[in-house]
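First the structure, in the form of structure tokens, and then the observations on it.
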Amino acid sequence: MRYLISLLFVLGISTIAYSQSDISPERKQAVDSLALEKVRDLSKYISIIGDKETPFSEANRVIERALELFSEGSQIGVSSLSNKEIKYYGVRKYFEHLMALNYDKVKIDWFKIEYISDLERQPDGKYVGVITIYQRFEGYSKDKLKYVDTTKKDITVYVERKETQIGGRMIGFWDVLLGDIRVSQTYR
Amino acid sequence: MACKQFKFSYFAVFFLSVIVLFSLDGCKSQKKLAAEREAAAKARQISKAKNDLKSLLADNTSTPEEKERVLNRIKSMNLEDSEVQRLINEVELMVAEEKEAALAEKERKLREEERRRKEQEDMLRKDSKAPTVYDFFDQIVGAGNNDSANDLIDNALDLFSSNDTPVLIIVSEGDGYTDYDKPTTIQKYLNYLKDQKKDLNEIKNIKFNDYGKIIELELKRK
């Protein structure tokens with residue numbers, strides 16, 4: 001009898017969890033991967049924008065593409081080893097700042113990109129989660145490494161199911177948008 | 001005095017009996033009226049059901065599912081009428097046949113679409129001299145520098161009806177659903193391949209216009 005009650009309890013919890021997510025685990029997994037992929041895309045865009053060898057027009061084009069990944073009004077935190085204060089910039093301002101950094105060569109790599117808070121369905125139907133990344137920044141002047149740090153950042157991710165008409169048929173798609181990027185740790 | 005009292009009691013009993021008799025008769029009439037009303041309502045329901053069922057049998061425009069919904073509504077009334085029952089059986093048979101035909105048609109269309117897609121793929125691959133959209137995707141991802149990637153993008157765009165040709169990317173699909181990534185355009189997608197240097201998708205479907213230009217590209221996660 002005790003086993004039966006435990007089983008029913010577990011089944012009940014699973015049902016609640018499933019109904020809260022409202023989509024099958026397979027679909028949810030695809031959405032999780034899609035959101036992670038958007039963060040990886042941003043990582044590449046940031047390294048292109050920061051790269052001093054990227055032509056100015058190309059960097060501007062990539063900025064426009066990167067901006068499409070963010071929800072309006074999002075901010076990105078900037079930290080430094082020499083200053084405890086974390087400054088927050090609007091996304092465009094951050095990219096422009098990144099493009100104009102006073103180094104001869106800049107290398108930016110993102111690694112350990114993973115969820116720290118799974119995408120959860122909110123009462124308004126949107127899914128919200130947090131993805132954490134580690135960023136290694138290297139700034140060179142005359143081929144000498146002048147500054148290096150590693151920053152742990154938390155990126156809020158919003159996913160919303162939308163529909164649009166293309167070629168006379170309705171297309172249901174997941175609109176993934178990135179929100180604020182908050183700095184949680186900075187170290188050498 | 002006793003005689004007077006007797007007369008009065010007799011009269012009262014008689015009077016009460018008359019009232020009781022009349023009210024009993026009144027109840028009977030009310031019940032009868034209600035029964036008649038119920039019977040009339042039932043008759044109207046049966047008549048309407050017959051008309052609806054006959055309309056369903058003659059209906060050439062509604063889908064089998066739409067017809068089934070009407071049929072189920074009529075069946076839920078549980079009307080006890082032999083003609084209604086006969087018509088229900090006829091409609092049930094018709095809906096089942098129409099459903100089967102619709103399914104066969106859907107399968108035929110899928111097969112036809114698959115055949116057309118394969119033909120298009122073969123056609124695109126046939127001429128080895130002319131690079132195809134498949135070739136361009138690979139070449140753009142592997143381009144050594146920005147200029148060569150841009151040249152490849154310009155050449156690839158010639159295969160499309162416009163730079164804004166929609167590109168749809170299926171991220172997952174299953175029983176009764178297809179989930180896409182946010183739709184993009186071919187120009188943006190080709191630049192995405194150049195920037196990201198990765199191609200996570202394979203071509204699922206290509207739609208052409210009468211001039212052989214691509215008007216829609218459907219991709220799917222590998």
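Residue names in the structure tokens use chain letters A, B, ... in the order shown, residue numbers from 1 in each chain, and ligand numbers from 1 in the order shown.
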Could you give me, as number ranges by chain, the residues within 12 Å of Val183 of chain A, counting only C-alpha atoms and dropping anything in the same chain fewer than 4 positions from it? A: 75-80, 84-88, 132-135, 150-156, 187
How about saving the chosen residues, N, CA and C atoms kept, as a PDB file, in the first residue's frame?
ATOM      1  N   GLN A  75      20.715  44.771 -21.259  1.00  0.00           N
ATOM      2  CA  GLN A  75      21.992  45.384 -20.903  1.00  0.00           C
ATOM      3  C   GLN A  75      23.067  44.309 -20.727  1.00  0.00           C
ATOM      4  N   ILE A  76      24.305  44.734 -20.950  1.00  0.00           N
ATOM      5  CA  ILE A  76      25.431  43.805 -20.777  1.00  0.00           C
ATOM      6  C   ILE A  76      26.409  44.401 -19.756  1.00  0.00           C
ATOM      7  N   GLY A  77      26.792  43.582 -18.806  1.00  0.00           N
ATOM      8  CA  GLY A  77      27.713  44.044 -17.762  1.00  0.00           C
ATOM      9  C   GLY A  77      29.157  43.941 -18.200  1.00  0.00           C
ATOM     10  N   VAL A  78      29.967  44.928 -17.778  1.00  0.00           N
ATOM     11  CA  VAL A  78      31.396  44.937 -18.098  1.00  0.00           C
ATOM     12  C   VAL A  78      32.174  45.077 -16.789  1.00  0.00           C
ATOM     13  N   SER A  79      33.137  44.180 -16.624  1.00  0.00           N
ATOM     14  CA  SER A  79      33.936  44.228 -15.387  1.00  0.00           C
ATOM     15  C   SER A  79      35.415  44.336 -15.749  1.00  0.00           C
ATOM     16  N   SER A  80      36.213  44.615 -14.762  1.00  0.00           N
ATOM     17  CA  SER A  80      37.663  44.670 -14.996  1.00  0.00           C
ATOM     18  C   SER A  80      38.371  44.288 -13.701  1.00  0.00           C
ATOM     19  N   LYS A  84      36.405  47.334  -9.159  1.00  0.00           N
ATOM     20  CA  LYS A  84      35.401  46.414  -8.615  1.00  0.00           C
ATOM     21  C   LYS A  84      34.008  46.684  -9.186  1.00  0.00           C
ATOM     22  N   GLU A  85      33.831  47.909  -9.647  1.00  0.00           N
ATOM     23  CA  GLU A  85      32.500  48.297 -10.124  1.00  0.00           C
ATOM     24  C   GLU A  85      32.167  47.598 -11.457  1.00  0.00           C
ATOM     25  N   ILE A  86      30.949  47.109 -11.554  1.00  0.00           N
ATOM     26  CA  ILE A  86      30.511  46.503 -12.826  1.00  0.00           C
ATOM     27  C   ILE A  86      29.612  47.520 -13.530  1.00  0.00           C
ATOM     28  N   LYS A  87      30.024  47.881 -14.739  1.00  0.00           N
ATOM     29  CA  LYS A  87      29.231  48.876 -15.478  1.00  0.00           C
ATOM     30  C   LYS A  87      28.291  48.147 -16.426  1.00  0.00           C
ATOM     31  N   TYR A  88      27.075  48.667 -16.562  1.00  0.00           N
ATOM     32  CA  TYR A  88      26.113  48.049 -17.477  1.00  0.00           C
ATOM     33  C   TYR A  88      25.828  48.983 -18.643  1.00  0.00           C
ATOM     34  N   THR A 132      24.725  30.167 -18.236  1.00  0.00           N
ATOM     35  CA  THR A 132      25.980  30.763 -17.762  1.00  0.00           C
ATOM     36  C   THR A 132      27.101  30.476 -18.767  1.00  0.00           C
ATOM     37  N   ILE A 133      28.006  31.433 -18.874  1.00  0.00           N
ATOM     38  CA  ILE A 133      29.160  31.245 -19.773  1.00  0.00           C
ATOM     39  C   ILE A 133      30.414  31.771 -19.076  1.00  0.00           C
ATOM     40  N   TYR A 134      31.540  31.282 -19.498  1.00  0.00           N
ATOM     41  CA  TYR A 134      32.803  31.854 -19.043  1.00  0.00           C
ATOM     42  C   TYR A 134      33.454  32.518 -20.240  1.00  0.00           C
ATOM     43  N   GLN A 135      33.919  33.765 -20.049  1.00  0.00           N
ATOM     44  CA  GLN A 135      34.556  34.491 -21.149  1.00  0.00           C
ATOM     45  C   GLN A 135      36.021  34.763 -20.820  1.00  0.00           C
ATOM     46  N   THR A 150      39.197  36.387 -16.932  1.00  0.00           N
ATOM     47  CA  THR A 150      38.120  35.432 -17.209  1.00  0.00           C
ATOM     48  C   THR A 150      36.895  35.900 -16.424  1.00  0.00           C
ATOM     49  N   THR A 151      35.777  35.959 -17.106  1.00  0.00           N
ATOM     50  CA  THR A 151      34.569  36.457 -16.462  1.00  0.00           C
ATOM     51  C   THR A 151      33.474  35.408 -16.570  1.00  0.00           C
ATOM     52  N   LYS A 152      32.801  35.223 -15.447  1.00  0.00           N
ATOM     53  CA  LYS A 152      31.638  34.331 -15.490  1.00  0.00           C
ATOM     54  C   LYS A 152      30.407  35.229 -15.664  1.00  0.00           C
ATOM     55  N   LYS A 153      29.593  34.906 -16.659  1.00  0.00           N
ATOM     56  CA  LYS A 153      28.433  35.755 -16.948  1.00  0.00           C
ATOM     57  C   LYS A 153      27.151  34.928 -16.990  1.00  0.00           C
ATOM     58  N   ASP A 154      26.075  35.533 -16.527  1.00  0.00           N
ATOM     59  CA  ASP A 154      24.760  34.869 -16.561  1.00  0.00           C
ATOM     60  C   ASP A 154      23.867  35.577 -17.571  1.00  0.00           C
ATOM     61  N   ILE A 155      23.341  34.802 -18.495  1.00  0.00           N
ATOM     62  CA  ILE A 155      22.512  35.383 -19.560  1.00  0.00           C
ATOM     63  C   ILE A 155      21.066  34.912 -19.384  1.00  0.00           C
ATOM     64  N   THR A 156      20.160  35.851 -19.241  1.00  0.00           N
ATOM     65  CA  THR A 156      18.745  35.478 -19.156  1.00  0.00           C
ATOM     66  C   THR A 156      18.236  35.198 -20.573  1.00  0.00           C
ATOM     67  N   TYR A 187      38.037  37.080 -12.702  1.00  0.00           N
ATOM     68  CA  TYR A 187      39.332  36.681 -12.109  1.00  0.00           C
ATOM     69  C   TYR A 187      40.384  36.550 -13.198  1.00  0.00           C
TER      70      TYR A 187
END
Could you name the residues that touch Leu79 of chain B at 9 Å or less, counting only C-alpha atoms, but leaving out those on the same chain fewer than 5 positions away, as a list in words? Lys42, Gln45, Ile46, Ala49, Ile74, Val84 and Gln85 of chain B
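Coordinates place atom CA of Glu83 of chain B at a distance of 17.1 Å from atom CA of Val70 of chain B.
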Do me a favour and pick out the residues of chain B within 10 Å of chain A, using only C-alpha atoms, as a CSV table (one decimal) with all heavy atoms, in the first residue's frame.
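Final file, result-v1.csv:
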chain,number,residue,atom,x,y,z
B,146,ASN,N,37.1,36.7,-45.9
B,146,ASN,CA,35.8,37.4,-46.0
B,146,ASN,C,35.4,37.6,-47.5
B,146,ASN,O,34.3,37.5,-47.9
B,146,ASN,CB,36.0,38.7,-45.3
B,146,ASN,CG,34.7,39.2,-44.8
B,146,ASN,OD1,33.9,38.5,-44.3
B,146,ASN,ND2,34.5,40.5,-45.0
B,166,PRO,N,12.4,33.4,-48.2
B,166,PRO,CA,12.3,32.9,-46.8
B,166,PRO,C,13.1,31.5,-46.6
B,166,PRO,O,13.1,30.7,-47.5
B,166,PRO,CB,10.8,32.6,-46.5
B,166,PRO,CG,10.2,32.7,-47.9
B,166,PRO,CD,11.1,33.4,-48.8
B,167,VAL,N,13.7,31.5,-45.5
B,167,VAL,CA,14.4,30.2,-45.1
B,167,VAL,C,13.8,29.8,-43.8
B,167,VAL,O,13.8,30.5,-42.8
B,167,VAL,CB,15.9,30.4,-44.9
B,167,VAL,CG1,16.6,29.2,-44.4
B,167,VAL,CG2,16.6,30.9,-46.2
B,168,LEU,N,13.2,28.6,-43.8
B,168,LEU,CA,12.6,28.0,-42.6
B,168,LEU,C,13.4,26.9,-42.1
B,168,LEU,O,13.9,26.0,-42.9
B,168,LEU,CB,11.2,27.5,-43.0
B,168,LEU,CG,10.3,28.5,-43.7
B,168,LEU,CD1,9.0,27.8,-44.2
B,168,LEU,CD2,9.9,29.6,-42.8
B,169,ILE,N,13.7,26.9,-40.8
B,169,ILE,CA,14.5,25.8,-40.2
B,169,ILE,C,13.7,25.0,-39.2
B,169,ILE,O,13.3,25.6,-38.2
B,169,ILE,CB,15.8,26.4,-39.5
B,169,ILE,CG1,16.5,27.3,-40.6
B,169,ILE,CG2,16.6,25.3,-39.0
B,169,ILE,CD1,17.5,28.2,-39.9
B,170,ILE,N,13.5,23.8,-39.5
B,170,ILE,CA,12.8,22.9,-38.5
B,170,ILE,C,13.7,22.5,-37.4
B,170,ILE,O,14.8,21.9,-37.7
B,170,ILE,CB,12.2,21.6,-39.3
B,170,ILE,CG1,11.2,22.1,-40.4
B,170,ILE,CG2,11.6,20.7,-38.3
B,170,ILE,CD1,10.7,20.9,-41.2
B,171,VAL,N,13.3,22.8,-36.2
B,171,VAL,CA,14.2,22.4,-35.1
B,171,VAL,C,13.7,21.1,-34.4
B,171,VAL,O,14.5,20.4,-33.8
B,171,VAL,CB,14.3,23.5,-34.0
B,171,VAL,CG1,15.1,24.6,-34.5
B,171,VAL,CG2,13.0,24.0,-33.5
B,172,SER,N,12.4,20.8,-34.5
B,172,SER,CA,11.9,19.5,-34.1
B,172,SER,C,10.5,19.3,-34.7
B,172,SER,O,9.8,20.2,-35.0
B,172,SER,CB,11.8,19.4,-32.6
B,172,SER,OG,10.7,20.2,-32.1
B,173,GLU,N,10.2,18.0,-34.9
B,173,GLU,CA,8.9,17.7,-35.5
B,173,GLU,C,8.5,16.3,-34.9
B,173,GLU,O,9.3,15.5,-34.6
B,173,GLU,CB,8.8,17.7,-37.0
B,173,GLU,CG,9.8,16.8,-37.7
B,173,GLU,CD,9.7,17.0,-39.2
B,173,GLU,OE1,8.7,17.5,-39.8
B,173,GLU,OE2,10.7,16.7,-39.9
B,174,GLY,N,7.2,16.2,-34.7
B,174,GLY,CA,6.7,14.9,-34.2
B,174,GLY,C,5.3,14.7,-34.6
B,174,GLY,O,4.8,15.3,-35.6
B,177,TYR,N,3.0,18.0,-34.9
B,177,TYR,CA,3.6,19.3,-34.7
B,177,TYR,C,4.9,19.4,-35.5
B,177,TYR,O,5.6,18.5,-35.8
B,177,TYR,CB,3.9,19.6,-33.3
B,177,TYR,CG,5.0,18.9,-32.7
B,177,TYR,CD1,6.3,19.5,-32.7
B,177,TYR,CD2,4.9,17.7,-32.1
B,177,TYR,CE1,7.4,18.8,-32.2
B,177,TYR,CE2,6.0,17.0,-31.5
B,177,TYR,CZ,7.2,17.6,-31.6
B,177,TYR,OH,8.3,16.9,-31.1
B,178,THR,N,5.2,20.7,-35.9
B,178,THR,CA,6.5,21.0,-36.5
B,178,THR,C,6.9,22.3,-35.9
B,178,THR,O,6.2,23.3,-36.0
B,178,THR,CB,6.3,21.2,-38.1
B,178,THR,OG1,5.8,20.0,-38.6
B,178,THR,CG2,7.7,21.4,-38.7
B,179,ASP,N,8.0,22.3,-35.3
B,179,ASP,CA,8.5,23.5,-34.6
B,179,ASP,C,9.7,24.1,-35.5
B,179,ASP,O,10.6,23.4,-35.8
B,179,ASP,CB,9.1,23.2,-33.2
B,179,ASP,CG,7.9,23.0,-32.3
B,179,ASP,OD1,6.8,23.5,-32.5
B,179,ASP,OD2,8.1,22.4,-31.2
B,180,TYR,N,9.6,25.4,-35.8
B,180,TYR,CA,10.7,26.0,-36.5
B,180,TYR,C,11.4,27.0,-35.6
B,180,TYR,O,11.0,27.4,-34.6
B,180,TYR,CB,10.0,26.8,-37.7
B,180,TYR,CG,9.4,26.0,-38.8
B,180,TYR,CD1,8.1,25.6,-38.7
B,180,TYR,CD2,10.1,25.7,-39.9
B,180,TYR,CE1,7.5,24.8,-39.7
B,180,TYR,CE2,9.6,25.0,-40.9
B,180,TYR,CZ,8.3,24.5,-40.8
B,180,TYR,OH,7.7,23.8,-41.8
B,181,ASP,N,12.6,27.3,-36.1
B,181,ASP,CA,13.4,28.4,-35.5
B,181,ASP,C,12.7,29.7,-36.2
B,181,ASP,O,11.9,29.6,-37.1
B,181,ASP,CB,14.9,28.3,-36.0
B,181,ASP,CG,15.8,29.3,-35.3
B,181,ASP,OD1,15.3,30.1,-34.5
B,181,ASP,OD2,17.0,29.3,-35.6
B,182,LYS,N,13.1,30.9,-35.6
B,182,LYS,CA,12.5,32.1,-36.2
B,182,LYS,C,12.9,32.2,-37.7
B,182,LYS,O,14.0,32.1,-38.0
B,182,LYS,CB,13.1,33.3,-35.5
B,182,LYS,CG,12.5,34.6,-35.7
B,182,LYS,CD,13.1,35.7,-34.9
B,182,LYS,CE,12.4,36.9,-34.9
B,182,LYS,NZ,12.9,37.9,-33.9
B,183,PRO,N,11.9,32.4,-38.6
B,183,PRO,CA,12.2,32.4,-40.0
B,183,PRO,C,13.2,33.5,-40.3
B,183,PRO,O,13.1,34.6,-39.7
B,183,PRO,CB,10.8,32.7,-40.6
B,183,PRO,CG,9.8,32.2,-39.6
B,183,PRO,CD,10.4,32.5,-38.3
B,188,LYS,N,20.4,36.6,-45.1
B,188,LYS,CA,20.9,36.5,-43.7
B,188,LYS,C,21.4,35.1,-43.4
B,188,LYS,O,22.4,35.0,-42.6
B,188,LYS,CB,19.7,36.8,-42.7
B,188,LYS,CG,19.4,38.3,-42.6
B,188,LYS,CD,18.3,38.6,-41.6
B,188,LYS,CE,18.1,40.1,-41.4
B,188,LYS,NZ,17.0,40.4,-40.5
B,191,ASN,N,24.9,34.7,-44.8
B,191,ASN,CA,25.9,35.5,-43.9
B,191,ASN,C,26.1,34.8,-42.6
B,191,ASN,O,27.2,34.8,-42.0
B,191,ASN,CB,25.4,36.9,-43.7
B,191,ASN,CG,25.8,37.8,-44.9
B,191,ASN,OD1,27.0,38.0,-45.1
B,191,ASN,ND2,24.9,38.3,-45.6
B,192,TYR,N,25.0,34.1,-42.1
B,192,TYR,CA,25.1,33.4,-40.9
B,192,TYR,C,26.1,32.2,-41.0
B,192,TYR,O,27.0,32.0,-40.2
B,192,TYR,CB,23.7,32.8,-40.5
B,192,TYR,CG,23.7,31.9,-39.3
B,192,TYR,CD1,23.6,32.4,-38.0
B,192,TYR,CD2,23.8,30.5,-39.5
B,192,TYR,CE1,23.6,31.5,-36.9
B,192,TYR,CE2,23.8,29.6,-38.4
B,192,TYR,CZ,23.7,30.2,-37.1
B,192,TYR,OH,23.7,29.3,-36.0
B,195,ASP,N,29.6,33.8,-41.0
B,195,ASP,CA,30.0,34.3,-39.7
B,195,ASP,C,30.3,33.1,-38.7
B,195,ASP,O,31.3,33.1,-38.0
B,195,ASP,CB,28.9,35.2,-39.1
B,195,ASP,CG,28.7,36.5,-39.9
B,195,ASP,OD1,29.6,36.9,-40.6
B,195,ASP,OD2,27.6,37.0,-39.8
B,196,GLN,N,29.3,32.2,-38.7
B,196,GLN,CA,29.4,31.2,-37.7
B,196,GLN,C,30.3,30.0,-38.1
B,196,GLN,O,30.7,29.2,-37.3
B,196,GLN,CB,28.0,30.6,-37.4
B,196,GLN,CG,27.1,31.7,-36.8
B,196,GLN,CD,27.5,32.2,-35.4
B,196,GLN,OE1,28.1,31.5,-34.7
B,196,GLN,NE2,27.1,33.4,-35.1
B,197,LYS,N,30.6,29.9,-39.4
B,197,LYS,CA,31.4,28.8,-39.9
B,197,LYS,C,30.9,27.4,-39.5
B,197,LYS,O,31.7,26.6,-39.1
B,197,LYS,CB,32.9,29.0,-39.5
B,197,LYS,CG,33.4,30.3,-40.0
B,197,LYS,CD,34.9,30.3,-40.3
B,197,LYS,CE,35.4,31.5,-40.9
B,197,LYS,NZ,34.8,31.9,-42.2
B,198,LYS,N,29.6,27.3,-39.4
B,198,LYS,CA,29.0,26.0,-39.1
B,198,LYS,C,27.7,25.9,-39.9
B,198,LYS,O,27.0,26.9,-40.1
B,198,LYS,CB,28.8,25.9,-37.6
B,198,LYS,CG,27.8,26.9,-37.0
B,198,LYS,CD,27.6,26.8,-35.5
B,198,LYS,CE,26.6,27.8,-35.1
B,198,LYS,NZ,26.5,28.0,-33.6
B,200,LEU,N,24.5,23.7,-39.4
B,200,LEU,CA,23.8,22.7,-38.5
B,200,LEU,C,22.7,22.0,-39.2
B,200,LEU,O,22.0,21.1,-38.7
B,200,LEU,CB,23.3,23.3,-37.2
B,200,LEU,CG,24.3,24.1,-36.4
B,200,LEU,CD1,23.7,24.8,-35.2
B,200,LEU,CD2,25.3,23.1,-35.8
B,215,ILE,N,12.1,29.9,-54.4
B,215,ILE,CA,11.3,30.9,-53.7
B,215,ILE,C,11.0,30.6,-52.2
B,215,ILE,O,10.5,31.4,-51.5
B,215,ILE,CB,9.9,31.0,-54.4
B,215,ILE,CG1,9.2,29.6,-54.6
B,215,ILE,CG2,10.0,31.7,-55.7
B,215,ILE,CD1,7.8,29.7,-54.9
B,216,GLU,N,11.5,29.4,-51.8
B,216,GLU,CA,11.4,29.0,-50.4
B,216,GLU,C,12.3,27.8,-50.1
B,216,GLU,O,12.4,26.9,-50.9
B,216,GLU,CB,10.0,28.6,-50.0
B,216,GLU,CG,9.8,28.5,-48.5
B,216,GLU,CD,8.4,28.0,-48.1
B,216,GLU,OE1,7.4,28.8,-48.3
B,216,GLU,OE2,8.3,26.9,-47.6
B,221,ARG,N,17.3,20.6,-38.8
B,221,ARG,CA,18.5,20.3,-38.0
B,221,ARG,C,19.0,18.9,-38.3
B,221,ARG,O,18.2,17.9,-38.4
B,221,ARG,CB,18.1,20.3,-36.5
B,221,ARG,CG,18.1,21.7,-35.9
B,221,ARG,CD,19.4,22.2,-35.5
B,221,ARG,NE,19.3,23.5,-34.8
B,221,ARG,CZ,19.2,24.7,-35.3
B,221,ARG,NH1,19.3,24.8,-36.6
B,221,ARG,NH2,19.1,25.8,-34.5
Segment 96-112 of chain A: which residues within 10 Å, counting only C-alpha atoms, same-chain residues fewer than 2 positions away excluded, as a ChimeraX atom specification? /A:39-40,42-44,46-54,56,59-60,63,89,91-94,114-115,131-148,150-153
So that I can see what lies close to segment 110-116 of chain B, please list as number ranges by chain the residues with an atom at most 10 Å from it, counting only C-alpha atoms and leaving out residues fewer than 4 positions away in the same chain. B: 104-106, 120-122, 204-207
Using only C-alpha atoms, determine which residues lie at most 12 Å from Glu100 of chain B, disregarding the query and same-chain residues fewer than 6 positions distant; provide the list as a PyMOL selection string. chain B and resi 63-65+93-94+106-107
Restricted to N, CA and C atoms, what would the selected residues look like written as a JSON list (two decimals), in the first residue's frame?
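Once written, result_36.json looks like this:
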[["chain", "number", "residue", "atom", "x", "y", "z"],
["B", 63, "THR", "N", -15.78, 18.82, -44.36],
["B", 63, "THR", "CA", -14.80, 17.73, -44.19],
["B", 63, "THR", "C", -15.45, 16.59, -43.40],
["B", 64, "PRO", "N", -14.88, 15.38, -43.48],
["B", 64, "PRO", "CA", -15.44, 14.26, -42.71],
["B", 64, "PRO", "C", -15.47, 14.57, -41.21],
["B", 65, "GLU", "N", -14.45, 15.31, -40.73],
["B", 65, "GLU", "CA", -14.39, 15.65, -39.30],
["B", 65, "GLU", "C", -15.54, 16.58, -38.91],
["B", 93, "LEU", "N", -21.36, 5.45, -42.07],
["B", 93, "LEU", "CA", -20.68, 4.74, -43.15],
["B", 93, "LEU", "C", -20.02, 5.73, -44.12],
["B", 94, "MET", "N", -20.77, 6.78, -44.44],
["B", 94, "MET", "CA", -20.26, 7.78, -45.39],
["B", 94, "MET", "C", -19.02, 8.49, -44.82],
["B", 106, "LYS", "N", -4.09, 12.16, -48.69],
["B", 106, "LYS", "CA", -2.98, 12.80, -47.97],
["B", 106, "LYS", "C", -1.68, 12.02, -48.21],
["B", 107, "GLU", "N", -1.80, 10.69, -48.16],
["B", 107, "GLU", "CA", -0.62, 9.86, -48.38],
["B", 107, "GLU", "C", -0.11, 10.00, -49.81]]
Which of segment 56-210 of chain B fall in helix (DSSP H, G or I), as JSON, numbers by chain: {"B": [56, 57, 58, 64, 65, 66, 67, 68, 69, 70, 71, 72, 73, 74, 75, 76, 82, 83, 84, 85, 86, 87, 88, 89, 90, 91, 92, 93, 94, 95, 96, 97, 98, 99, 100, 101, 102, 103, 104, 105, 106, 107, 108, 109, 110, 111, 112, 113, 114, 115, 116, 117, 118, 119, 120, 121, 122, 123, 124, 125, 126, 133, 134, 135, 136, 137, 138, 139, 140, 141, 146, 147, 148, 149, 150, 151, 152, 153, 154, 155, 156, 157, 186, 187, 188, 189, 190, 191, 192, 193, 194, 195, 196]}
As a compact mmCIF listing (two decimals) with all heavy atoms, in the first residue's frame, please: the residues near Leu159 of chain B (cut-off 10 Å, only C-alpha atoms, same-chain neighbours under 5 positions excluded).
# COMPACT_ATOMS: atom_id res chain seq x y z
N PRO B 131 27.40 25.13 -59.75
CA PRO B 131 27.30 24.83 -58.32
C PRO B 131 25.85 24.93 -57.84
O PRO B 131 25.10 25.77 -58.32
CB PRO B 131 28.16 25.92 -57.67
CG PRO B 131 28.72 26.73 -58.74
CD PRO B 131 28.09 26.37 -60.03
N THR B 132 25.49 24.07 -56.95
CA THR B 132 24.12 24.07 -56.42
C THR B 132 24.10 24.74 -55.06
O THR B 132 25.15 25.05 -54.49
CB THR B 132 23.63 22.62 -56.25
OG1 THR B 132 24.43 22.02 -55.23
CG2 THR B 132 23.74 21.82 -57.53
N VAL B 133 22.91 24.89 -54.56
CA VAL B 133 22.77 25.50 -53.24
C VAL B 133 23.49 24.66 -52.18
O VAL B 133 24.07 25.19 -51.24
CB VAL B 133 21.26 25.73 -52.93
CG1 VAL B 133 20.51 24.44 -52.75
CG2 VAL B 133 21.07 26.59 -51.71
N ASP B 154 27.27 36.11 -53.11
CA ASP B 154 26.67 36.78 -54.29
C ASP B 154 26.25 35.76 -55.33
O ASP B 154 25.17 35.86 -55.92
CB ASP B 154 27.67 37.77 -54.91
CG ASP B 154 27.81 39.02 -54.04
OD1 ASP B 154 26.91 39.24 -53.20
OD2 ASP B 154 28.82 39.73 -54.18
N PHE B 208 10.54 26.08 -56.12
CA PHE B 208 11.01 26.91 -57.24
C PHE B 208 9.85 27.68 -57.86
O PHE B 208 8.70 27.24 -57.79
CB PHE B 208 11.62 26.02 -58.34
CG PHE B 208 12.88 25.31 -57.94
CD1 PHE B 208 12.83 24.06 -57.33
CD2 PHE B 208 14.12 25.89 -58.16
CE1 PHE B 208 13.99 23.41 -56.96
CE2 PHE B 208 15.28 25.23 -57.79
CZ PHE B 208 15.22 23.99 -57.19
N GLY B 212 12.71 28.80 -62.45
CA GLY B 212 13.74 27.94 -61.86
C GLY B 212 14.47 28.55 -60.68
O GLY B 212 15.49 28.03 -60.22
N LYS B 213 13.95 29.69 -60.20
CA LYS B 213 14.59 30.33 -59.03
C LYS B 213 13.92 29.82 -57.75
O LYS B 213 12.71 29.55 -57.73
CB LYS B 213 14.41 31.86 -59.11
CG LYS B 213 15.06 32.49 -60.32
CD LYS B 213 16.54 32.72 -60.09
CE LYS B 213 17.15 33.46 -61.27
NZ LYS B 213 18.59 33.61 -61.14
N ILE B 214 14.71 29.74 -56.72
CA ILE B 214 14.19 29.22 -55.44
C ILE B 214 13.35 30.30 -54.75
O ILE B 214 13.80 31.44 -54.59
CB ILE B 214 15.34 28.76 -54.52
CG1 ILE B 214 16.13 27.63 -55.20
CG2 ILE B 214 14.82 28.30 -53.16
CD1 ILE B 214 17.43 27.25 -54.51
N ILE B 215 12.14 29.92 -54.37
CA ILE B 215 11.26 30.90 -53.70
C ILE B 215 11.04 30.56 -52.22
O ILE B 215 10.52 31.37 -51.47
CB ILE B 215 9.88 31.02 -54.41
CG1 ILE B 215 9.23 29.64 -54.56
CG2 ILE B 215 10.01 31.73 -55.74
CD1 ILE B 215 7.77 29.72 -54.90
Residues of segment 28-139 of chain A in strand (DSSP E or B) according to DSSP, as a PyMOL selection string? chain A and resi 70+75-80+83-90+105-121+127-139
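Taking atom CA of Arg44 of chain B as the reference point, atom CA of Asn60 of chain B is found at 25.8 Å.
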Separation of atom CA of Asn78 of chain B and atom CA of Arg37 of chain B, in Å? 18.4 Å
